[in-house]
$ cat protein.cif   # mmCIF, C-alpha atoms
data_coords
#
loop_
_atom_site.label_atom_id
_atom_site.label_comp_id
_atom_site.auth_asym_id
_atom_site.auth_seq_id
_atom_site.Cartn_x
_atom_site.Cartn_y
_atom_site.Cartn_z
CA MET A 1 25.98 -20.33 -2.84
CA PRO A 2 25.69 -18.82 0.65
CA THR A 3 22.32 -17.72 1.95
CA THR A 4 21.81 -13.99 1.63
CA LEU A 5 19.07 -11.74 2.95
CA THR A 6 18.07 -8.81 0.75
CA PRO A 7 15.46 -6.21 1.74
CA TYR A 8 12.69 -5.76 -0.85
CA LEU A 9 10.72 -2.55 -0.48
CA THR A 10 7.40 -1.60 -2.10
CA PHE A 11 6.93 2.02 -3.08
CA ASP A 12 3.77 3.79 -4.23
CA GLY A 13 5.05 4.83 -7.66
CA THR A 14 8.38 6.33 -6.54
CA THR A 15 10.82 3.44 -6.97
CA ARG A 16 12.53 5.06 -9.96
CA GLN A 17 13.09 8.36 -8.11
CA ALA A 18 14.03 6.70 -4.80
CA PHE A 19 16.60 4.42 -6.42
CA ALA A 20 18.16 7.27 -8.43
CA TYR A 21 18.44 9.14 -5.12
CA TYR A 22 19.91 6.14 -3.25
CA GLU A 23 22.33 5.47 -6.11
CA HIS A 24 23.71 9.00 -5.67
CA VAL A 25 23.56 9.26 -1.85
CA LEU A 26 24.92 5.77 -1.12
CA ASN A 27 27.48 5.71 -3.93
CA ALA A 28 25.65 2.63 -5.19
CA ARG A 29 24.85 1.26 -8.64
CA ILE A 30 21.45 0.40 -10.09
CA ASN A 31 21.77 -3.10 -11.59
CA THR A 32 18.15 -3.53 -12.67
CA MET A 33 15.22 -1.21 -13.36
CA LEU A 34 12.30 -3.00 -15.06
CA SER A 35 8.95 -1.31 -15.60
CA TYR A 36 5.64 -3.12 -15.80
CA ASP A 37 5.74 -2.40 -19.55
CA ASP A 38 8.94 -4.50 -19.71
CA ILE A 39 7.10 -7.66 -18.56
CA PRO A 40 6.50 -10.13 -21.39
CA ALA A 41 2.79 -10.72 -22.06
CA MET A 42 1.42 -13.82 -20.34
CA ASP A 43 -1.77 -15.73 -20.91
CA SER A 44 -3.98 -16.88 -18.02
CA SER A 45 -2.24 -20.28 -17.85
CA ASP A 46 1.05 -18.46 -17.05
CA THR A 47 -0.44 -16.30 -14.31
CA GLY A 48 -2.18 -19.15 -12.52
CA SER A 49 -5.61 -17.54 -12.49
CA GLU A 50 -8.38 -17.15 -15.03
CA GLY A 51 -8.96 -13.64 -16.28
CA SER A 52 -5.68 -12.39 -14.84
CA THR A 53 -3.76 -9.90 -16.95
CA THR A 54 -0.17 -8.81 -16.85
CA PRO A 55 0.19 -5.41 -15.15
CA SER A 56 1.38 -2.67 -17.47
CA GLY A 57 2.62 0.87 -17.19
CA GLU A 58 5.77 2.78 -16.49
CA GLY A 59 5.75 1.91 -12.78
CA ILE A 60 8.70 -0.18 -11.66
CA MET A 61 8.07 -3.92 -11.38
CA HIS A 62 11.58 -4.70 -10.09
CA ALA A 63 14.69 -2.72 -9.24
CA CYS A 64 18.00 -3.80 -7.75
CA LEU A 65 20.58 -1.49 -6.21
CA GLU A 66 24.09 -2.71 -5.35
CA LEU A 67 25.89 -0.89 -2.55
CA PRO A 68 29.68 -0.68 -2.19
CA GLY A 69 30.81 -3.99 -0.72
CA GLY A 70 28.09 -5.99 -2.50
CA ALA A 71 25.01 -5.58 -0.29
CA MET A 72 21.81 -5.19 -2.28
CA LEU A 73 18.49 -3.42 -1.90
CA MET A 74 15.55 -4.39 -4.09
CA ALA A 75 12.21 -2.70 -4.64
CA GLY A 76 9.23 -2.22 -6.88
CA ASP A 77 6.12 -0.10 -7.15
CA THR A 78 2.78 -1.41 -5.95
CA PRO A 79 1.21 -3.11 -9.00
CA PRO A 80 -1.38 -1.01 -10.84
CA GLY A 81 -4.85 -1.39 -9.35
CA MET A 82 -3.58 -2.59 -5.97
CA PRO A 83 -3.66 -0.42 -2.84
CA SER A 84 -0.37 0.80 -1.43
CA GLU A 85 0.23 0.11 2.24
CA GLY A 86 3.36 2.23 2.51
CA ILE A 87 6.63 1.11 4.05
CA SER A 88 6.34 0.23 7.73
CA GLY A 89 7.74 -2.19 10.25
CA VAL A 90 11.22 -2.26 8.74
CA MET A 91 14.37 -0.17 9.04
CA MET A 92 17.45 -0.25 6.82
CA ALA A 93 20.61 -0.36 8.96
CA LEU A 94 23.89 0.93 7.54
CA GLN A 95 27.28 0.49 9.25
CA PHE A 96 30.31 2.60 8.40
CA ASP A 97 33.94 2.39 9.53
CA SER A 98 34.13 6.18 9.24
CA ASN A 99 32.07 8.55 11.38
CA GLU A 100 32.52 11.18 8.69
CA GLN A 101 30.95 8.93 6.05
CA ALA A 102 28.12 7.98 8.43
CA GLY A 103 27.45 11.68 9.05
CA GLU A 104 27.45 12.50 5.33
CA ILE A 105 24.96 9.71 4.56
CA PHE A 106 22.78 10.64 7.55
CA ASN A 107 22.66 14.28 6.43
CA ALA A 108 21.88 13.33 2.83
CA LEU A 109 19.07 10.96 3.82
CA SER A 110 17.70 13.66 6.16
CA GLN A 111 17.15 16.09 3.27
CA ASP A 112 13.36 16.46 2.92
CA GLY A 113 13.00 13.62 5.44
CA GLN A 114 12.51 13.45 9.19
CA VAL A 115 15.23 12.90 11.76
CA THR A 116 13.83 10.55 14.40
CA MET A 117 17.06 10.37 16.44
CA PRO A 118 19.91 12.85 15.86
CA LEU A 119 23.44 11.53 15.46
CA ALA A 120 24.96 10.98 18.89
CA PRO A 121 27.35 8.60 20.66
CA THR A 122 25.95 5.27 21.88
CA PHE A 123 27.41 2.32 23.73
CA TRP A 124 27.75 0.34 20.45
CA ALA A 125 28.89 3.07 18.03
CA GLU A 126 30.79 6.34 18.23
CA ILE A 127 27.81 7.92 16.44
CA PHE A 128 24.35 6.60 15.66
CA GLY A 129 21.18 8.20 14.33
CA MET A 130 17.83 7.37 12.76
CA VAL A 131 16.01 9.10 9.93
CA THR A 132 12.98 8.50 7.75
CA ASP A 133 13.83 9.73 4.26
CA GLN A 134 11.64 11.59 1.80
CA TYR A 135 10.42 8.27 0.34
CA GLY A 136 9.18 6.93 3.69
CA VAL A 137 12.10 4.53 4.29
CA SER A 138 13.52 4.40 7.83
CA TRP A 139 17.29 4.23 8.20
CA ALA A 140 19.55 3.48 11.17
CA ILE A 141 23.02 4.92 10.57
CA ASN A 142 25.94 3.54 12.58
CA GLY A 143 29.38 5.11 12.62
CA LYS A 144 32.54 3.49 13.86
CA ALA A 145 31.80 0.60 16.23
CA VAL A 146 32.74 0.85 19.88
CA GLU A 147 34.96 -2.01 21.01
CA PHE A 148 33.64 -4.06 23.89
CA ASP A 149 35.96 -5.56 26.51
#
$ encode --input "protein.cif" --output "structure tokens"
Amino acid sequence: MPTTLTPYLTFDGTTRQAFAYYEHVLNARINTMLSYDDIPAMDSSDTGSEGSTTPSGEGIMHACLELPGGAMLMAGDTPPGMPSEGISGVMMALQFDSNEQAGEIFNALSQDGQVTMPLAPTFWAEIFGMVTDQYGVSWAINGKAVEFD
């Protein structure tokens, strides 16, 4: 099996909503959506620490989204009782062969979000833009690549 790298995001209770949104916007498919209530009960010998309990609740323990072409995005909600640190220091980069598709995705992710760099030509892509969506995830959207000599 080849090595793959899959981003894993941590949301503060909005994984279910974010992934439903991404499924629609990115024409993706949710493969997995497990809540903390779906976790089988474990005793302390399973958790590795005395007095530890299995988190519970309707928050999402693990979700997996498959994008067209097979790329995946995974996420979960911060476990109950743990502080959320938000999503920072990472940006999801999407590449499209079509500038029209890149523009559509950029505009959809911009809804209720914040455009940090409007779509414009660059030396590496016919159009490129950056946006932080309504769930706090930063996206870099690349249109058709510019050919280098």
$ closest_residue --input "protein.cif" --among "A:Pro40, A:Asn27, A:Gly86, A:Arg16" --to "Ile60 of chain A" --atoms "all atoms listed in the file"
A:Arg16
$ closest_residue --input "protein.cif" --among "A:Pro7, A:Phe123, A:Glu58, A:Gly136" --to "Phe148 of chain A" --atoms "only C-alpha atoms"
A:Phe123
$ closest_residue --input "protein.cif" --among "A:Tyr36, A:Tyr22, A:Phe96, A:Phe128" --to "Pro80 of chain A" --atoms "all atoms listed in the file"
A:Tyr36
$ resolve_selection --input "protein.cif" --expression "the PyMOL selection byres ((chain A and resi 107) around 12)" --output "list in words"
Val25, Leu26, Glu100, Gln101, Ala102, Gly103, Glu104, Ile105, Phe106, Ala108, Leu109, Ser110, Gln111, Asp112, Gly113, Gln114, Val115, Pro118, Leu119, Gly129, Met130, Val131, Thr132, Asp133, Trp139 and Ile141 of chain A
$ write_last_selection --input "protein.cif" --atoms "C-alpha atoms" --output "PDB file, in the frame of the given file"
ATOM      1  CA  VAL A  25      23.560   9.260  -1.850  1.00  0.00           C
ATOM      2  CA  LEU A  26      24.920   5.770  -1.120  1.00  0.00           C
ATOM      3  CA  GLU A 100      32.520  11.180   8.690  1.00  0.00           C
ATOM      4  CA  GLN A 101      30.950   8.930   6.050  1.00  0.00           C
ATOM      5  CA  ALA A 102      28.120   7.980   8.430  1.00  0.00           C
ATOM      6  CA  GLY A 103      27.450  11.680   9.050  1.00  0.00           C
ATOM      7  CA  GLU A 104      27.450  12.500   5.330  1.00  0.00           C
ATOM      8  CA  ILE A 105      24.960   9.710   4.560  1.00  0.00           C
ATOM      9  CA  PHE A 106      22.780  10.640   7.550  1.00  0.00           C
ATOM     10  CA  ALA A 108      21.880  13.330   2.830  1.00  0.00           C
ATOM     11  CA  LEU A 109      19.070  10.960   3.820  1.00  0.00           C
ATOM     12  CA  SER A 110      17.700  13.660   6.160  1.00  0.00           C
ATOM     13  CA  GLN A 111      17.150  16.090   3.270  1.00  0.00           C
ATOM     14  CA  ASP A 112      13.360  16.460   2.920  1.00  0.00           C
ATOM     15  CA  GLY A 113      13.000  13.620   5.440  1.00  0.00           C
ATOM     16  CA  GLN A 114      12.510  13.450   9.190  1.00  0.00           C
ATOM     17  CA  VAL A 115      15.230  12.900  11.760  1.00  0.00           C
ATOM     18  CA  PRO A 118      19.910  12.850  15.860  1.00  0.00           C
ATOM     19  CA  LEU A 119      23.440  11.530  15.460  1.00  0.00           C
ATOM     20  CA  GLY A 129      21.180   8.200  14.330  1.00  0.00           C
ATOM     21  CA  MET A 130      17.830   7.370  12.760  1.00  0.00           C
ATOM     22  CA  VAL A 131      16.010   9.100   9.930  1.00  0.00           C
ATOM     23  CA  THR A 132      12.980   8.500   7.750  1.00  0.00           C
ATOM     24  CA  ASP A 133      13.830   9.730   4.260  1.00  0.00           C
ATOM     25  CA  TRP A 139      17.290   4.230   8.200  1.00  0.00           C
ATOM     26  CA  ILE A 141      23.020   4.920  10.570  1.00  0.00           C
TER      27      ILE A 141
END
$ atom_distance --input "protein.cif" --atom1 "atom CA of Gly59 of chain A" --atom2 "atom CA of Leu9 of chain A"
14.0 Å
$ atom_distance --input "protein.cif" --atom1 "atom CA of Gly69 of chain A" --atom2 "atom CA of Thr6 of chain A"
13.7 Å
